[in-house]
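So this block is data.cif, mmCIF, C-alpha atoms, pLDDT in the B column; chains and numbers go by the auth columns:
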data_start
loop_
_atom_site.group_PDB
_atom_site.id
_atom_site.type_symbol
_atom_site.label_atom_id
_atom_site.label_comp_id
_atom_site.label_asym_id
_atom_site.label_seq_id
_atom_site.Cartn_x
_atom_site.Cartn_y
_atom_site.Cartn_z
_atom_site.B_iso_or_equiv
_atom_site.auth_seq_id
_atom_site.auth_asym_id
ATOM 1 C CA MET A 1 9.311 -63.141 -92.246 45.00 17 A
ATOM 2 C CA VAL A 2 12.269 -60.744 -92.646 44.00 18 A
ATOM 3 C CA SER A 3 11.525 -57.108 -92.002 46.00 19 A
ATOM 4 C CA PRO A 4 12.103 -54.828 -95.026 47.00 20 A
ATOM 5 C CA TYR A 5 14.205 -52.657 -92.727 43.00 21 A
ATOM 6 C CA ALA A 6 16.659 -55.507 -92.170 45.00 22 A
ATOM 7 C CA VAL A 7 17.614 -55.621 -95.855 44.00 23 A
ATOM 8 C CA ASN A 8 19.577 -52.388 -95.545 46.00 24 A
ATOM 9 C CA ILE A 9 21.961 -53.824 -92.933 43.00 25 A
ATOM 10 C CA ARG A 10 22.902 -57.085 -94.649 48.00 26 A
ATOM 11 C CA ILE A 11 26.562 -57.604 -95.437 45.00 27 A
ATOM 12 C CA PRO A 12 27.001 -58.296 -99.168 45.00 28 A
ATOM 13 C CA GLU A 13 27.840 -61.879 -100.136 49.00 29 A
ATOM 14 C CA GLY A 14 31.552 -62.637 -100.166 49.00 30 A
ATOM 15 C CA GLN A 15 32.341 -59.965 -97.584 48.00 31 A
ATOM 16 C CA SER A 16 31.125 -61.760 -94.451 47.00 32 A
ATOM 17 C CA ASP A 17 34.554 -63.387 -93.889 50.00 33 A
ATOM 18 C CA ARG A 18 36.569 -60.201 -94.350 52.00 34 A
ATOM 19 C CA PRO A 19 37.775 -58.170 -91.350 55.00 35 A
ATOM 20 C CA VAL A 20 35.397 -55.360 -90.444 53.00 36 A
ATOM 21 C CA SER A 21 36.918 -52.041 -89.521 63.00 37 A
ATOM 22 C CA ALA A 22 35.886 -50.222 -86.350 65.00 38 A
ATOM 23 C CA GLY A 23 34.199 -47.500 -88.401 68.00 39 A
ATOM 24 C CA ARG A 24 32.307 -50.017 -90.500 69.00 40 A
ATOM 25 C CA LEU A 25 31.237 -51.888 -87.337 71.00 41 A
ATOM 26 C CA ARG A 26 29.913 -48.698 -85.756 74.00 42 A
ATOM 27 C CA SER A 27 28.039 -47.941 -88.958 73.00 43 A
ATOM 28 C CA LEU A 28 26.435 -51.382 -88.952 72.00 44 A
ATOM 29 C CA GLU A 29 25.505 -51.021 -85.274 75.00 45 A
ATOM 30 C CA GLU A 30 23.863 -47.678 -85.976 75.00 46 A
ATOM 31 C CA GLN A 31 21.947 -49.140 -88.920 75.00 47 A
ATOM 32 C CA LEU A 32 20.824 -52.042 -86.733 77.00 48 A
ATOM 33 C CA SER A 33 19.676 -49.667 -84.012 76.00 49 A
ATOM 34 C CA ARG A 34 17.711 -47.569 -86.505 73.00 50 A
ATOM 35 C CA ALA A 35 16.166 -50.685 -88.047 75.00 51 A
ATOM 36 C CA LYS A 36 15.066 -51.974 -84.627 72.00 52 A
ATOM 37 C CA GLN A 37 13.462 -48.617 -83.875 70.00 53 A
ATOM 38 C CA LYS A 38 11.622 -48.638 -87.202 66.00 54 A
ATOM 39 C CA ILE A 39 10.390 -52.181 -86.562 67.00 55 A
ATOM 40 C CA HIS A 40 9.207 -51.149 -83.110 64.00 56 A
ATOM 41 C CA ASN A 41 7.377 -48.145 -84.538 58.00 57 A
ATOM 42 C CA TYR A 42 5.824 -50.322 -87.231 55.00 58 A
ATOM 43 C CA GLN A 43 4.573 -52.850 -84.675 59.00 59 A
ATOM 44 C CA ARG A 44 3.229 -50.094 -82.456 56.00 60 A
ATOM 45 C CA LEU A 45 1.420 -48.493 -85.388 50.00 61 A
ATOM 46 C CA PHE A 46 -0.244 -51.616 -86.724 51.00 62 A
ATOM 47 C CA GLY A 47 -0.311 -53.737 -83.584 57.00 63 A
ATOM 48 C CA ASP A 48 -3.209 -51.753 -82.068 57.00 64 A
ATOM 49 C CA ALA A 49 -5.486 -52.526 -84.999 59.00 65 A
ATOM 50 C CA GLY A 50 -6.619 -55.738 -83.295 61.00 66 A
ATOM 51 C CA PRO A 51 -8.310 -58.649 -85.054 60.00 67 A
ATOM 52 C CA GLY A 52 -10.767 -58.198 -87.856 65.00 68 A
ATOM 53 C CA ARG A 53 -14.352 -57.368 -87.016 69.00 69 A
ATOM 54 C CA GLU A 54 -15.577 -60.740 -88.259 65.00 70 A
ATOM 55 C CA GLN A 55 -13.088 -62.644 -86.101 69.00 71 A
ATOM 56 C CA GLU A 56 -14.096 -60.734 -82.976 74.00 72 A
ATOM 57 C CA GLU A 57 -17.806 -61.162 -83.677 73.00 73 A
ATOM 58 C CA TYR A 58 -17.399 -64.928 -84.058 74.00 74 A
ATOM 59 C CA ARG A 59 -15.396 -65.161 -80.839 77.00 75 A
ATOM 60 C CA ARG A 60 -18.154 -63.362 -78.961 79.00 76 A
ATOM 61 C CA LYS A 61 -20.813 -65.560 -80.537 79.00 77 A
ATOM 62 C CA VAL A 62 -18.979 -68.690 -79.399 80.00 78 A
ATOM 63 C CA GLU A 63 -18.655 -67.373 -75.867 83.00 79 A
ATOM 64 C CA LYS A 64 -22.303 -66.341 -75.720 81.00 80 A
ATOM 65 C CA GLY A 65 -23.435 -69.634 -77.231 80.00 81 A
ATOM 66 C CA VAL A 66 -21.575 -71.691 -74.643 85.00 82 A
ATOM 67 C CA ARG A 67 -22.998 -69.627 -71.801 85.00 83 A
ATOM 68 C CA GLU A 68 -26.562 -69.817 -73.115 82.00 84 A
ATOM 69 C CA LEU A 69 -26.211 -73.569 -73.629 83.00 85 A
ATOM 70 C CA TRP A 70 -25.216 -73.948 -70.001 85.00 86 A
ATOM 71 C CA TYR A 71 -28.230 -71.925 -68.826 84.00 87 A
ATOM 72 C CA PHE A 72 -30.552 -74.046 -70.946 80.00 88 A
ATOM 73 C CA VAL A 73 -29.104 -77.391 -69.893 83.00 89 A
ATOM 74 C CA ARG A 74 -29.102 -76.386 -66.233 81.00 90 A
ATOM 75 C CA SER A 75 -32.745 -75.330 -66.423 80.00 91 A
ATOM 76 C CA GLU A 76 -33.869 -78.478 -68.200 77.00 92 A
ATOM 77 C CA VAL A 77 -31.911 -80.882 -66.026 77.00 93 A
ATOM 78 C CA LYS A 78 -33.321 -79.296 -62.875 77.00 94 A
ATOM 79 C CA LYS A 79 -36.784 -80.229 -64.099 78.00 95 A
ATOM 80 C CA LEU A 80 -35.829 -83.881 -64.041 76.00 96 A
ATOM 81 C CA SER A 81 -35.536 -83.818 -60.286 70.00 97 A
ATOM 82 C CA HIS A 82 -39.329 -83.502 -60.038 76.00 98 A
ATOM 83 C CA VAL A 83 -40.004 -86.675 -62.003 73.00 99 A
ATOM 84 C CA ASP A 84 -38.790 -89.192 -59.463 75.00 100 A
ATOM 85 C CA PRO A 85 -36.697 -87.602 -56.697 74.00 101 A
ATOM 86 C CA ALA A 86 -35.837 -90.903 -55.071 76.00 102 A
ATOM 87 C CA VAL A 87 -34.051 -92.100 -58.183 74.00 103 A
ATOM 88 C CA LEU A 88 -33.060 -89.042 -60.143 74.00 104 A
ATOM 89 C CA GLN A 89 -31.961 -86.541 -57.480 77.00 105 A
ATOM 90 C CA LYS A 90 -28.467 -87.912 -57.058 78.00 106 A
ATOM 91 C CA HIS A 91 -28.103 -88.368 -60.797 75.00 107 A
ATOM 92 C CA THR A 92 -29.241 -84.786 -61.381 77.00 108 A
ATOM 93 C CA ASP A 93 -26.769 -83.343 -58.889 80.00 109 A
ATOM 94 C CA THR A 94 -23.912 -85.326 -60.378 78.00 110 A
ATOM 95 C CA LEU A 95 -24.857 -84.361 -63.927 77.00 111 A
ATOM 96 C CA LEU A 96 -25.074 -80.686 -63.007 80.00 112 A
ATOM 97 C CA GLN A 97 -21.674 -80.873 -61.347 81.00 113 A
ATOM 98 C CA ASP A 98 -20.124 -82.547 -64.399 79.00 114 A
ATOM 99 C CA LEU A 99 -21.712 -80.041 -66.751 79.00 115 A
ATOM 100 C CA GLY A 100 -20.379 -77.241 -64.567 82.00 116 A
ATOM 101 C CA HIS A 101 -16.866 -78.633 -64.889 79.00 117 A
ATOM 102 C CA GLN A 102 -17.295 -78.851 -68.645 78.00 118 A
ATOM 103 C CA GLN A 103 -18.623 -75.329 -68.900 81.00 119 A
ATOM 104 C CA ARG A 104 -15.750 -73.910 -66.859 83.00 120 A
ATOM 105 C CA SER A 105 -13.272 -75.854 -68.959 79.00 121 A
ATOM 106 C CA ILE A 106 -14.654 -74.437 -72.201 80.00 122 A
ATOM 107 C CA MET A 107 -14.722 -70.913 -70.808 82.00 123 A
ATOM 108 C CA THR A 108 -11.108 -71.306 -69.697 79.00 124 A
ATOM 109 C CA ASP A 109 -10.155 -72.408 -73.208 78.00 125 A
ATOM 110 C CA LEU A 110 -11.903 -69.372 -74.630 76.00 126 A
ATOM 111 C CA HIS A 111 -10.082 -67.157 -72.159 76.00 127 A
ATOM 112 C CA TYR A 112 -6.715 -68.455 -73.287 74.00 128 A
ATOM 113 C CA LEU A 113 -7.831 -68.243 -76.922 71.00 129 A
ATOM 114 C CA SER A 114 -8.658 -64.579 -76.482 73.00 130 A
ATOM 115 C CA HIS A 115 -5.082 -63.991 -75.307 68.00 131 A
ATOM 116 C CA ALA A 116 -3.416 -66.384 -77.745 64.00 132 A
ATOM 117 C CA ASP A 117 -4.639 -64.344 -80.707 64.00 133 A
ATOM 118 C CA GLY A 118 -2.433 -61.467 -79.529 63.00 134 A
ATOM 119 C CA ALA A 119 -5.385 -59.159 -79.066 69.00 135 A
ATOM 120 C CA GLY A 120 -5.885 -59.378 -75.306 73.00 136 A
ATOM 121 C CA GLU A 121 -4.447 -55.940 -74.644 78.00 137 A
ATOM 122 C CA TRP A 122 -6.328 -54.489 -77.618 79.00 138 A
ATOM 123 C CA ARG A 123 -9.602 -55.982 -76.356 80.00 139 A
ATOM 124 C CA GLU A 124 -9.061 -54.553 -72.882 84.00 140 A
ATOM 125 C CA LYS A 125 -8.205 -51.141 -74.329 87.00 141 A
ATOM 126 C CA GLU A 126 -11.287 -51.151 -76.564 89.00 142 A
ATOM 127 C CA ALA A 127 -13.499 -52.065 -73.595 90.00 143 A
ATOM 128 C CA LYS A 128 -12.073 -49.200 -71.548 93.00 144 A
ATOM 129 C CA ASP A 129 -12.479 -46.767 -74.444 94.00 145 A
ATOM 130 C CA LEU A 130 -16.087 -47.878 -74.916 93.00 146 A
ATOM 131 C CA THR A 131 -16.753 -47.453 -71.189 95.00 147 A
ATOM 132 C CA ILE A 132 -15.423 -43.897 -71.291 95.00 148 A
ATOM 133 C CA LEU A 133 -17.474 -43.132 -74.406 94.00 149 A
ATOM 134 C CA VAL A 134 -20.727 -44.393 -72.892 92.00 150 A
ATOM 135 C CA GLN A 135 -20.113 -42.709 -69.536 93.00 151 A
ATOM 136 C CA ASN A 136 -19.398 -39.387 -71.233 94.00 152 A
ATOM 137 C CA ARG A 137 -22.485 -39.762 -73.396 93.00 153 A
ATOM 138 C CA ILE A 138 -24.678 -40.499 -70.373 93.00 154 A
ATOM 139 C CA SER A 139 -23.220 -37.515 -68.517 94.00 155 A
ATOM 140 C CA TYR A 140 -23.922 -35.281 -71.530 94.00 156 A
ATOM 141 C CA LEU A 141 -27.514 -36.473 -71.930 94.00 157 A
ATOM 142 C CA GLN A 142 -28.287 -36.338 -68.215 94.00 158 A
ATOM 143 C CA ASN A 143 -26.971 -32.801 -67.776 94.00 159 A
ATOM 144 C CA PRO A 144 -28.343 -30.758 -70.698 93.00 160 A
ATOM 145 C CA PRO A 145 -27.430 -27.044 -71.019 92.00 161 A
ATOM 146 C CA ASP A 146 -31.094 -26.038 -70.616 91.00 162 A
ATOM 147 C CA CYS A 147 -33.251 -28.492 -68.676 90.00 163 A
ATOM 148 C CA SER A 148 -36.472 -26.729 -69.676 87.00 164 A
ATOM 149 C CA LYS A 149 -35.811 -27.370 -73.366 88.00 165 A
ATOM 150 C CA ALA A 150 -34.340 -30.872 -73.069 90.00 166 A
ATOM 151 C CA ARG A 151 -36.137 -33.904 -74.520 91.00 167 A
ATOM 152 C CA LYS A 152 -36.950 -36.131 -71.536 92.00 168 A
ATOM 153 C CA LEU A 153 -38.063 -39.614 -70.630 92.00 169 A
ATOM 154 C CA VAL A 154 -39.937 -39.849 -67.317 92.00 170 A
ATOM 155 C CA CYS A 155 -39.582 -43.199 -65.577 90.00 171 A
ATOM 156 C CA ASN A 156 -41.563 -44.181 -62.481 88.00 172 A
ATOM 157 C CA ILE A 157 -39.660 -46.706 -60.413 87.00 173 A
ATOM 158 C CA ASN A 158 -42.678 -47.844 -58.369 82.00 174 A
ATOM 159 C CA LYS A 159 -43.518 -51.096 -60.122 81.00 175 A
ATOM 160 C CA GLY A 160 -45.350 -54.025 -58.573 81.00 176 A
ATOM 161 C CA CYS A 161 -42.328 -56.293 -58.307 87.00 177 A
ATOM 162 C CA GLY A 162 -39.235 -56.906 -56.187 89.00 178 A
ATOM 163 C CA TYR A 163 -36.115 -54.804 -55.689 89.00 179 A
ATOM 164 C CA GLY A 164 -34.069 -56.458 -58.431 90.00 180 A
ATOM 165 C CA CYS A 165 -36.957 -56.187 -60.883 90.00 181 A
ATOM 166 C CA GLN A 166 -37.313 -52.474 -60.188 90.00 182 A
ATOM 167 C CA LEU A 167 -33.589 -51.878 -60.727 91.00 183 A
ATOM 168 C CA HIS A 168 -33.887 -53.727 -64.036 92.00 184 A
ATOM 169 C CA HIS A 169 -36.719 -51.365 -64.918 91.00 185 A
ATOM 170 C CA VAL A 170 -34.465 -48.362 -64.212 92.00 186 A
ATOM 171 C CA VAL A 171 -31.780 -49.843 -66.472 92.00 187 A
ATOM 172 C CA TYR A 172 -34.278 -50.359 -69.295 92.00 188 A
ATOM 173 C CA CYS A 173 -35.468 -46.774 -68.905 91.00 189 A
ATOM 174 C CA PHE A 174 -31.836 -45.666 -69.155 92.00 190 A
ATOM 175 C CA MET A 175 -31.397 -47.737 -72.307 92.00 191 A
ATOM 176 C CA ILE A 176 -34.410 -46.130 -73.963 92.00 192 A
ATOM 177 C CA ALA A 177 -33.358 -42.643 -72.865 92.00 193 A
ATOM 178 C CA TYR A 178 -29.844 -43.246 -74.191 93.00 194 A
ATOM 179 C CA GLY A 179 -31.060 -44.686 -77.473 91.00 195 A
ATOM 180 C CA THR A 180 -33.571 -41.899 -78.090 91.00 196 A
ATOM 181 C CA GLN A 181 -31.167 -39.174 -76.853 92.00 197 A
ATOM 182 C CA ARG A 182 -33.369 -38.073 -73.980 93.00 198 A
ATOM 183 C CA THR A 183 -32.653 -37.000 -70.421 94.00 199 A
ATOM 184 C CA LEU A 184 -33.967 -39.599 -67.961 94.00 200 A
ATOM 185 C CA ILE A 185 -36.155 -38.182 -65.190 93.00 201 A
ATOM 186 C CA LEU A 186 -36.514 -40.774 -62.440 91.00 202 A
ATOM 187 C CA GLU A 187 -39.608 -40.408 -60.272 89.00 203 A
ATOM 188 C CA SER A 188 -39.244 -42.333 -57.016 88.00 204 A
ATOM 189 C CA HIS A 189 -41.210 -40.484 -54.341 85.00 205 A
ATOM 190 C CA ASN A 190 -42.778 -42.946 -51.866 86.00 206 A
ATOM 191 C CA TRP A 191 -40.664 -45.730 -53.323 89.00 207 A
ATOM 192 C CA ARG A 192 -41.290 -48.861 -51.296 87.00 208 A
ATOM 193 C CA TYR A 193 -37.553 -49.328 -50.669 89.00 209 A
ATOM 194 C CA ALA A 194 -36.889 -45.655 -49.793 88.00 210 A
ATOM 195 C CA ASN A 195 -39.883 -43.475 -49.004 86.00 211 A
ATOM 196 C CA ASN A 196 -37.990 -40.252 -49.621 88.00 212 A
ATOM 197 C CA GLY A 197 -36.852 -41.363 -53.048 87.00 213 A
ATOM 198 C CA TRP A 198 -33.940 -42.806 -55.007 91.00 214 A
ATOM 199 C CA GLU A 199 -31.618 -39.909 -54.174 89.00 215 A
ATOM 200 C CA THR A 200 -31.633 -40.756 -50.443 90.00 216 A
ATOM 201 C CA VAL A 201 -29.919 -44.065 -51.210 91.00 217 A
ATOM 202 C CA PHE A 202 -28.116 -43.590 -54.530 92.00 218 A
ATOM 203 C CA ARG A 203 -26.616 -40.661 -56.377 92.00 219 A
ATOM 204 C CA PRO A 204 -29.169 -38.747 -58.481 91.00 220 A
ATOM 205 C CA VAL A 205 -29.243 -39.726 -62.145 92.00 221 A
ATOM 206 C CA SER A 206 -28.653 -36.059 -63.019 93.00 222 A
ATOM 207 C CA ASP A 207 -26.802 -33.219 -61.313 92.00 223 A
ATOM 208 C CA THR A 208 -28.659 -30.429 -63.108 91.00 224 A
ATOM 209 C CA CYS A 209 -31.935 -31.697 -64.572 91.00 225 A
ATOM 210 C CA THR A 210 -34.515 -33.419 -62.349 88.00 226 A
ATOM 211 C CA ASP A 211 -37.677 -31.554 -63.364 85.00 227 A
ATOM 212 C CA ARG A 212 -40.099 -33.366 -65.685 85.00 228 A
ATOM 213 C CA THR A 213 -41.723 -30.182 -67.035 81.00 229 A
ATOM 214 C CA GLY A 214 -41.295 -29.243 -70.683 72.00 230 A
ATOM 215 C CA ALA A 215 -42.966 -27.668 -73.687 68.00 231 A
ATOM 216 C CA SER A 216 -45.084 -30.776 -74.277 66.00 232 A
ATOM 217 C CA THR A 217 -45.616 -34.166 -72.654 69.00 233 A
ATOM 218 C CA GLY A 218 -47.101 -37.465 -73.711 69.00 234 A
ATOM 219 C CA HIS A 219 -47.479 -41.099 -72.677 71.00 235 A
ATOM 220 C CA TRP A 220 -45.162 -43.831 -73.932 69.00 236 A
ATOM 221 C CA SER A 221 -47.648 -45.353 -76.354 62.00 237 A
ATOM 222 C CA ALA A 222 -47.466 -48.512 -78.439 52.00 238 A
ATOM 223 C CA ALA A 223 -46.717 -46.381 -81.508 50.00 239 A
ATOM 224 C CA VAL A 224 -43.731 -44.816 -79.783 53.00 240 A
ATOM 225 C CA CYS A 225 -42.556 -48.263 -78.743 55.00 241 A
ATOM 226 C CA ARG A 226 -42.629 -49.506 -82.323 54.00 242 A
ATOM 227 C CA LEU A 227 -40.505 -46.555 -83.391 50.00 243 A
ATOM 228 C CA ASN A 228 -37.987 -46.732 -80.571 52.00 244 A
ATOM 229 C CA CYS A 229 -37.855 -50.354 -79.361 52.00 245 A
ATOM 230 C CA SER A 230 -36.098 -52.803 -81.655 51.00 246 A
ATOM 231 C CA SER A 231 -35.720 -55.538 -79.023 51.00 247 A
ATOM 232 C CA GLU A 232 -38.673 -57.783 -78.205 52.00 248 A
ATOM 233 C CA GLU A 233 -37.369 -58.129 -74.662 47.00 249 A
ATOM 234 C CA THR A 234 -37.288 -54.337 -74.292 46.00 250 A
ATOM 235 C CA LYS A 235 -40.864 -54.096 -75.571 46.00 251 A
ATOM 236 C CA THR A 236 -41.971 -56.601 -72.950 44.00 252 A
ATOM 237 C CA ARG A 237 -40.145 -54.809 -70.166 44.00 253 A
ATOM 238 C CA LEU A 238 -41.668 -51.462 -71.100 45.00 254 A
ATOM 239 C CA ASN A 239 -45.168 -52.885 -71.631 44.00 255 A
ATOM 240 C CA CYS A 240 -45.121 -52.094 -75.363 45.00 256 A
#

Give the structure from this file in structure tokens form.
Amino acid sequence: MVSPYAVNIRIPEGQSDRPVSAGRLRSLEEQLSRAKQKIHNYQRLFGDAGPGREQEEYRRKVEKGVRELWYFVRSEVKKLSHVDPAVLQKHTDTLLQDLGHQQRSIMTDLHYLSHADGAGEWREKEAKDLTILVQNRISYLQNPPDCSKARKLVCNINKGCGYGCQLHHVVYCFMIAYGTQRTLILESHNWRYANNGWETVFRPVSDTCTDRTGASTGHWSAAVCRLNCSSEETKTRLNC
């Protein structure tokens, strides 16, 4: 496709074989330089738009689908090893190894596809911009101007499960606090992994607001869950 800017620097038909004066040559060179700059500006202006929303959503669905398929197949194939270990164990290990190769091959293809569409840099930029947006939003919510008047979500980290499970619980509390625009208050005194609390191991979740007191308080009831939890997994995690 010829750029519309290039039309202005074409030599009229029948004149291409004639001698070009030094002045005319300099004029053409200047026009060419200006046209290149305009093309560059045009590409810079519209090149950051990235792919369409639908295209990006489908790409992510394909990637997620492949990954979930691998998790499912791996889980189901592992069950086969309990049927007859003497016969199926070697077959299971080989099958898992082959499926792993296939999964990595597909993911590699998707990786190159994500760069072949010319949107790799755009995708990376969008991810960074989203990270900054979320981090700034969390910082704003976790450090309200007046802690006594802030809407809060109190989360007790002492759950009857392992370390990873309890960290997942903290993340889910953060998700609910973020989604409902509340300041998360993390209660961790006598935590089984740090008796003196979360702050003795990690940075506090807020620099200015760690007090749970407020004008009114209430329990996270099933009714509140229905209003604020759209994900079934989140409802399960928060005992809704």

Next on the checklist: Using all atoms listed in the file, which protein or nucleic acid residues come within 10 Å of Ser164 in chain A? Drop anything in the same chain fewer than 6 positions from it, and give the result as a ChimeraX atom specification.
Outcome noted: /A:225,227-231

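Counting only C-alpha atoms, Trp207 in chain A has the following residues at most 10 Å away, ignoring those fewer than 6 positions along the same chain: Asn172, Ile173, Asn174, Lys175, Gly213 and Trp214 of chain A.
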
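Residue nearest Ser130 in chain A, chosen from A:Leu200, A:Leu44, A:Val78, A:Val103 and counting only C-alpha atoms: A:Val78.
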
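With CA of His205 in chain A on one side and CA of Val186 in chain A on the other, the separation reads 14.3 Å.
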
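Between Gly178 in chain A and the candidates A:Arg153, A:Arg208, A:Lys165, A:Lys94, the tightest atom-to-atom separation, counting all atoms listed in the file, involves A:Arg208.
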
On this file, the PyMOL selection byres ((chain A and resi 115-128) around 8) gives some set of residues; write that set as a PDB file with C-alpha atoms, keeping the file's coordinate frame.
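What follows is the written file result.pdb:
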ATOM      1  CA  GLU A  79     -18.655 -67.373 -75.867  1.00 83.00           C
ATOM      2  CA  VAL A  82     -21.575 -71.691 -74.643  1.00 85.00           C
ATOM      3  CA  ARG A  83     -22.998 -69.627 -71.801  1.00 85.00           C
ATOM      4  CA  TRP A  86     -25.216 -73.948 -70.001  1.00 85.00           C
ATOM      5  CA  LEU A 111     -24.857 -84.361 -63.927  1.00 77.00           C
ATOM      6  CA  LEU A 112     -25.074 -80.686 -63.007  1.00 80.00           C
ATOM      7  CA  GLN A 113     -21.674 -80.873 -61.347  1.00 81.00           C
ATOM      8  CA  ASP A 114     -20.124 -82.547 -64.399  1.00 79.00           C
ATOM      9  CA  LEU A 129      -7.831 -68.243 -76.922  1.00 71.00           C
ATOM     10  CA  SER A 130      -8.658 -64.579 -76.482  1.00 73.00           C
ATOM     11  CA  HIS A 131      -5.082 -63.991 -75.307  1.00 68.00           C
ATOM     12  CA  ALA A 132      -3.416 -66.384 -77.745  1.00 64.00           C
TER      13      ALA A 132
END

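The space separating CA of Asp109 in chain A from CA of Arg76 in chain A comes to 29.6 Å.
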
Checklist entry - Distance CA of Gln197 in chain A-CA of Ser155 in chain A, one decimal place? => result 11.6 Å

Item to check | Hits from the PyMOL selection byres ((chain A and resi 190) around 12), listed as an MDAnalysis selection string | outcome: chainID A and resid 150 153:155 157:158 168:173 183:189 191:202 221:222 250 254

Using 8 Å of padding on each side, determine the axis-aligned box around all atoms of range 143-160 of chain A present in the file and give its centre and edge lengths in Å to one decimal, as AutoDock Vina command-line options.
--center_x -20.2 --center_y -41.4 --center_z -71.3 --size_x 32.3 --size_y 37.3 --size_z 23.1

Next on the checklist: Within 12 Å of (-34.0, -86.8, -64.5) in the file's own coordinates, which protein, DNA or RNA residues have an atom, counting only C-alpha atoms? List them as number ranges by chain.
Outcome noted: A: 89-112
